[in-house]
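Data block below; observations after.
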Amino acid sequence: MKKEHVEQIQKAIKAIEERQIDNIFFVACGGSMASLSTGEYFISKDTAVPAFVYTSNEFIHRSPRALGENSLVILRSHSGETPETVEASSFARKKGALTIAISMEVESPLCQNAEYILHYNYKDGSDAIDGELGIFYTLLFRILKLITDNEKYKRAEKQLENLGSLIEKNQEKFKKAADQFGRKNKREKLIYTMASGVYYHQAYSFTSCLLMEMLWINSNAIHAGEFFHGPFEVTDYDVPFLLVVGEGPSTPLDLRALDFAEKFSDKVEVVDIRELDYDGIDPDLKEYFGSALSGSVLRLYADGLAEHTGHPLSVRRYMWKMDY
């Protein structure tokens with residue numbers, strides 16, 4: 001990891017160590033919120049510290065009563081310019097919370113607003129440990145180690161050194177299936193996604209940011225545990241589903257939903273996280289790394305759709321083109 005990133009993370013952790021933290025808020029919008037939701041999942045699952053995820057604007061307008069001087073607020077914006085997230089940073093500081101901003105732009109308004117900055121490199125040839133995943137997961141493992149003093153998070157941080165090679169290996173492994181998915185579904189106007197546990201956040205990101213925002217395909221992210229409480233009524237032979245089977249305690253929820261969907265739909269695509277290449281990762285750490293790797297794999301499925309529909313992922317109608 002680059003020296004600047006090591007120092008930024010050390011400063012942020014030292015600040016956390018030096019004050020009482022009663023709760024943790026993860027605040028962002030869109031794909032950034034989905035990424036931070038991984039933090040909320042593992043903090044809630046592995047510790048007794050209350051953790052919450054908010055979309056930035058609601059964080060401000062709802063004004064959670066628990067937010068205060070003993071709160072840690074972690075914010076993220078890729079550009080550092082998302083207005084709602086910039087305002088959320090200011091709002092959190094006014095409440096006395098400790099704020100950490102994660103962005104690729106250190107001179108951005110978000111980073112200027114927050115007390116501590118975590119910068120990540122993006123598409124510049126840097127190793128994955130210095131990218132958005134490496135930086136955030138290093139911070140997350142350090143926080144989990146600080147709260148629980150469990151040695152497994154130290155092992156997890158060490159094994160993040162494998163992240164770059166694992167991303168490459170798994171993208172190669174799923175590349176053909178993703179291309180075939182794009183070919184088969186190139187004329188679909190609606191594709192549902194489904195997942196549970198920490199992977200539900202990936203389904204949400206795939207739905208909102210890739211299918212709806214970038215590809216203009218109607219979609220909805222269905223929680224596998226909620227599938228049988230309403231959504232399963234839309235299942236039919238010609239209804240497409242992309243279902244993520246996770247690596248972790250919620251796998252039975254995914255398998256139950258998959259079993260039903262495959263009985264009644266001829267268009268079920270399965271991304272099985274249990275089949276990822278986990279070379280160099282300890283068995284008890286698979287859930288952490290599965291969640292880290294799943295996004296780069298799912299991105300291939302969007303690339304497949306873009307290739308076969310002739311609709312580039314960069315095309316927008318409204319975003320960044322007008323005031324809204």
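Each chain in the structure tokens gets a letter, A, B and so on, in the order shown; residues start at 1 in every chain, and ligands are counted from 1 in the order they appear.
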
Please, which residues in stretch 105-178 of chain A fall within 12 Å of stretch 288-307 of chain A when counting only C-alpha atoms, and what is the closest atom pair and distance in Å to one decimal for each, ordered by chain then residue number, as a Markdown table?
| residue | atom | partner | partner_atom | distance |
| --- | --- | --- | --- | --- |
| A:Ala128 | CA | A:Leu293 | CA | 11.1 |
| A:Ile129 | CA | A:Ala292 | CA | 11.5 |
| A:Gly131 | CA | A:Ala292 | CA | 11.7 |
| A:Glu132 | CA | A:Ala292 | CA | 10.2 |
| A:Leu133 | CA | A:Ala292 | CA | 6.7 |
| A:Gly134 | CA | A:Ala292 | CA | 8.8 |
| A:Ile135 | CA | A:Ala292 | CA | 11.4 |
| A:Phe136 | CA | A:Ala292 | CA | 9.9 |
| A:Tyr137 | CA | A:Ala292 | CA | 8.0 |
| A:Thr138 | CA | A:Ala292 | CA | 11.4 |
| A:Leu140 | CA | A:Tyr288 | CA | 10.4 |
| A:Phe141 | CA | A:Tyr288 | CA | 9.6 |
| A:Leu144 | CA | A:Tyr288 | CA | 12.0 |
| A:Lys152 | CA | A:Tyr288 | CA | 11.0 |
| A:Tyr153 | CA | A:Tyr288 | CA | 9.9 |
| A:Arg155 | CA | A:Tyr288 | CA | 11.6 |
| A:Ala156 | CA | A:Tyr288 | CA | 8.2 |
| A:Glu157 | CA | A:Tyr288 | CA | 10.5 |
| A:Gln159 | CA | A:Phe289 | CA | 9.3 |
| A:Leu160 | CA | A:Phe289 | CA | 8.4 |
| A:Glu161 | CA | A:Phe289 | CA | 11.6 |
| A:Asn162 | CA | A:Phe289 | CA | 10.0 |
| A:Leu163 | CA | A:Leu293 | CA | 8.1 |
| A:Gly164 | CA | A:Leu293 | CA | 9.7 |
| A:Ser165 | CA | A:Leu293 | CA | 10.7 |
| A:Leu166 | CA | A:Leu293 | CA | 7.6 |
| A:Ile167 | CA | A:Leu293 | CA | 6.2 |
| A:Glu168 | CA | A:Ser296 | CA | 9.1 |
| A:Lys169 | CA | A:Val297 | CA | 10.1 |
| A:Asn170 | CA | A:Val297 | CA | 6.8 |
| A:Gln171 | CA | A:Val297 | CA | 5.6 |
| A:Glu172 | CA | A:Val297 | CA | 9.1 |
| A:Lys173 | CA | A:Val297 | CA | 9.0 |
| A:Phe174 | CA | A:Val297 | CA | 6.8 |
| A:Lys175 | CA | A:Leu300 | CA | 6.5 |
| A:Lys176 | CA | A:Gly304 | CA | 9.1 |
| A:Ala177 | CA | A:Tyr301 | CA | 8.1 |
| A:Ala178 | CA | A:Tyr301 | CA | 4.4 |

Expected answer as a ChimeraX atom specification: strand (DSSP E or B) residues in stretch 59-300 of chain A: /A:71-76,98-103,116-119,190,192-195,218,221-223,241-245,268-272

Using only C-alpha atoms, which residues of stretch 62-133 of chain A come within 10 Å of stretch 14-27 of chain A, and what is the closest atom pair for each, with the distance in Å to one decimal? Give it as CSV, sorted by chain and residue number.
residue,atom,partner,partner_atom,distance
A:Pro64,CA,A:Phe25,CA,9.8
A:Ala66,CA,A:Asn23,CA,7.7
A:Leu67,CA,A:Asn23,CA,7.9
A:Gly68,CA,A:Asn23,CA,9.2
A:Glu69,CA,A:Ile21,CA,8.3
A:Asn70,CA,A:Ile21,CA,4.7
A:Ser71,CA,A:Asn23,CA,5.1
A:Leu72,CA,A:Ile24,CA,4.7
A:Val73,CA,A:Phe25,CA,4.7
A:Ile74,CA,A:Phe26,CA,5.0
A:Leu75,CA,A:Val27,CA,4.8
A:Arg76,CA,A:Val27,CA,6.9
A:Ser77,CA,A:Val27,CA,9.4
A:Glu84,CA,A:Val27,CA,9.8
A:Thr85,CA,A:Val27,CA,7.2
A:Ala88,CA,A:Val27,CA,7.6
A:Ser89,CA,A:Val27,CA,8.7
A:Ala92,CA,A:Phe25,CA,9.7
A:Ala97,CA,A:Ile21,CA,9.2
A:Leu98,CA,A:Ile16,CA,7.9
A:Thr99,CA,A:Phe25,CA,9.5
A:Ile100,CA,A:Phe26,CA,9.8
A:Ala101,CA,A:Val27,CA,9.7
A:Glu115,CA,A:Ala15,CA,9.7
A:Tyr116,CA,A:Ala15,CA,8.8

Given only C-alpha atoms as the counted atoms, nearest of A:Arg316, A:Phe181, A:Asp272, A:Thr47 to A:Asn150: A:Thr47

Coordinates-based distance that separates atom CA of A:Leu243 from atom CA of A:Gly230 (Å, one decimal):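 That distance, rounded to one decimal, is 16.9 Å.
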
Residue with smallest distance to A:Ser90 - pool A:Ile9, A:Asn220, A:Ser56, A:Leu215, counting only C-alpha atoms: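 Using only C-alpha atoms, the shortest distance to A:Ser90 belongs to A:Ser56.
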
Residues flagged helix (DSSP H, G or I) by DSSP in stretch 49-275 of chain A, as a PyMOL selection string: chain A and resi 56-62+83-94+109-113+128-130+132-148+152-184+197-214+227-229+231-234+251-264+273-275

A:Thr251 surroundings by only C-alpha atoms, 12 Å radius, close-in-sequence under 2 positions cut, as a list in words: Ala195, Ser196, Gly197, Val198, Tyr199, Tyr200, Ala224, Gly225, Leu243, Val244, Val245, Gly246, Glu247, Gly248, Pro249, Leu253, Asp254, Leu255, Arg256, Ala257, Leu258, Asp272, Ile273, Arg274 and Glu287 of chain A

Please write the residues from the selection above to a file, keeping N, CA and C atoms, as a PDB file, in the first residue's frame.
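For reference, out_34.pdb as written:
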ATOM      1  N   ALA A 195     -30.638 -11.289  -3.946  1.00  0.00           N
ATOM      2  CA  ALA A 195     -29.525 -11.683  -3.091  1.00  0.00           C
ATOM      3  C   ALA A 195     -29.946 -11.480  -1.644  1.00  0.00           C
ATOM      4  N   SER A 196     -29.037 -11.821  -0.724  1.00  0.00           N
ATOM      5  CA  SER A 196     -29.292 -11.588   0.700  1.00  0.00           C
ATOM      6  C   SER A 196     -27.972 -11.371   1.405  1.00  0.00           C
ATOM      7  N   GLY A 197     -28.051 -11.098   2.709  1.00  0.00           N
ATOM      8  CA  GLY A 197     -26.836 -10.872   3.482  1.00  0.00           C
ATOM      9  C   GLY A 197     -26.042  -9.701   2.935  1.00  0.00           C
ATOM     10  N   VAL A 198     -24.732  -9.805   3.013  1.00  0.00           N
ATOM     11  CA  VAL A 198     -23.877  -8.724   2.547  1.00  0.00           C
ATOM     12  C   VAL A 198     -23.986  -8.551   1.036  1.00  0.00           C
ATOM     13  N   TYR A 199     -24.444  -9.570   0.324  1.00  0.00           N
ATOM     14  CA  TYR A 199     -24.527  -9.506  -1.134  1.00  0.00           C
ATOM     15  C   TYR A 199     -25.765  -8.770  -1.625  1.00  0.00           C
ATOM     16  N   TYR A 200     -26.714  -8.542  -0.741  1.00  0.00           N
ATOM     17  CA  TYR A 200     -27.881  -7.770  -1.164  1.00  0.00           C
ATOM     18  C   TYR A 200     -27.462  -6.374  -1.616  1.00  0.00           C
ATOM     19  N   ALA A 224     -33.625 -11.927  -1.034  1.00  0.00           N
ATOM     20  CA  ALA A 224     -34.021 -13.335  -1.136  1.00  0.00           C
ATOM     21  C   ALA A 224     -34.919 -13.766   0.016  1.00  0.00           C
ATOM     22  N   GLY A 225     -34.713 -13.188   1.185  1.00  0.00           N
ATOM     23  CA  GLY A 225     -35.549 -13.513   2.323  1.00  0.00           C
ATOM     24  C   GLY A 225     -36.945 -12.935   2.237  1.00  0.00           C
ATOM     25  N   LEU A 243     -29.582 -13.992  -9.923  1.00  0.00           N
ATOM     26  CA  LEU A 243     -29.603 -14.323  -8.502  1.00  0.00           C
ATOM     27  C   LEU A 243     -28.190 -14.596  -8.001  1.00  0.00           C
ATOM     28  N   VAL A 244     -27.795 -13.854  -6.977  1.00  0.00           N
ATOM     29  CA  VAL A 244     -26.486 -14.024  -6.361  1.00  0.00           C
ATOM     30  C   VAL A 244     -26.624 -14.985  -5.183  1.00  0.00           C
ATOM     31  N   VAL A 245     -25.962 -16.123  -5.266  1.00  0.00           N
ATOM     32  CA  VAL A 245     -25.910 -17.056  -4.143  1.00  0.00           C
ATOM     33  C   VAL A 245     -24.657 -16.728  -3.348  1.00  0.00           C
ATOM     34  N   GLY A 246     -24.836 -16.288  -2.123  1.00  0.00           N
ATOM     35  CA  GLY A 246     -23.728 -15.769  -1.342  1.00  0.00           C
ATOM     36  C   GLY A 246     -22.909 -16.824  -0.624  1.00  0.00           C
ATOM     37  N   GLU A 247     -21.761 -16.382  -0.145  1.00  0.00           N
ATOM     38  CA  GLU A 247     -20.873 -17.182   0.698  1.00  0.00           C
ATOM     39  C   GLU A 247     -21.028 -16.654   2.117  1.00  0.00           C
ATOM     40  N   GLY A 248     -21.775 -17.374   2.967  1.00  0.00           N
ATOM     41  CA  GLY A 248     -21.983 -16.873   4.316  1.00  0.00           C
ATOM     42  C   GLY A 248     -23.247 -17.417   4.937  1.00  0.00           C
ATOM     43  N   PRO A 249     -23.651 -16.871   6.071  1.00  0.00           N
ATOM     44  CA  PRO A 249     -24.775 -17.434   6.828  1.00  0.00           C
ATOM     45  C   PRO A 249     -26.133 -17.311   6.150  1.00  0.00           C
ATOM     46  N   LEU A 253     -31.077 -18.722   2.454  1.00  0.00           N
ATOM     47  CA  LEU A 253     -32.123 -17.850   1.924  1.00  0.00           C
ATOM     48  C   LEU A 253     -32.030 -17.792   0.405  1.00  0.00           C
ATOM     49  N   ASP A 254     -30.802 -17.690  -0.093  1.00  0.00           N
ATOM     50  CA  ASP A 254     -30.590 -17.608  -1.538  1.00  0.00           C
ATOM     51  C   ASP A 254     -30.998 -18.906  -2.223  1.00  0.00           C
ATOM     52  N   LEU A 255     -30.630 -20.039  -1.633  1.00  0.00           N
ATOM     53  CA  LEU A 255     -30.927 -21.335  -2.244  1.00  0.00           C
ATOM     54  C   LEU A 255     -32.426 -21.614  -2.261  1.00  0.00           C
ATOM     55  N   ARG A 256     -33.117 -21.180  -1.227  1.00  0.00           N
ATOM     56  CA  ARG A 256     -34.577 -21.352  -1.206  1.00  0.00           C
ATOM     57  C   ARG A 256     -35.226 -20.554  -2.337  1.00  0.00           C
ATOM     58  N   ALA A 257     -34.782 -19.298  -2.499  1.00  0.00           N
ATOM     59  CA  ALA A 257     -35.331 -18.453  -3.561  1.00  0.00           C
ATOM     60  C   ALA A 257     -34.970 -19.011  -4.934  1.00  0.00           C
ATOM     61  N   LEU A 258     -33.743 -19.496  -5.061  1.00  0.00           N
ATOM     62  CA  LEU A 258     -33.294 -20.067  -6.338  1.00  0.00           C
ATOM     63  C   LEU A 258     -34.121 -21.290  -6.708  1.00  0.00           C
ATOM     64  N   ASP A 272     -22.770 -17.633  -8.441  1.00  0.00           N
ATOM     65  CA  ASP A 272     -22.538 -18.352  -7.185  1.00  0.00           C
ATOM     66  C   ASP A 272     -21.196 -17.925  -6.586  1.00  0.00           C
ATOM     67  N   ILE A 273     -21.270 -17.131  -5.536  1.00  0.00           N
ATOM     68  CA  ILE A 273     -20.067 -16.594  -4.900  1.00  0.00           C
ATOM     69  C   ILE A 273     -19.229 -17.701  -4.271  1.00  0.00           C
ATOM     70  N   ARG A 274     -19.842 -18.831  -3.966  1.00  0.00           N
ATOM     71  CA  ARG A 274     -19.112 -19.952  -3.393  1.00  0.00           C
ATOM     72  C   ARG A 274     -18.120 -20.552  -4.398  1.00  0.00           C
ATOM     73  N   GLU A 287     -16.258 -15.038   3.594  1.00  0.00           N
ATOM     74  CA  GLU A 287     -17.399 -14.124   3.468  1.00  0.00           C
ATOM     75  C   GLU A 287     -16.929 -12.691   3.252  1.00  0.00           C
TER      76      GLU A 287
END

Length of the atom CA of A:Ala114 to atom CA of A:Lys321 vector [Å]: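 Rounded to one decimal, the two atoms are 27.2 Å apart.
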
Residue with smallest distance to A:Ser37 - pool A:Ala12, A:Leu139, A:Cys111, A:Gln202, counting only C-alpha atoms: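 For A:Ser37, the nearest of the given residues is A:Gln202.
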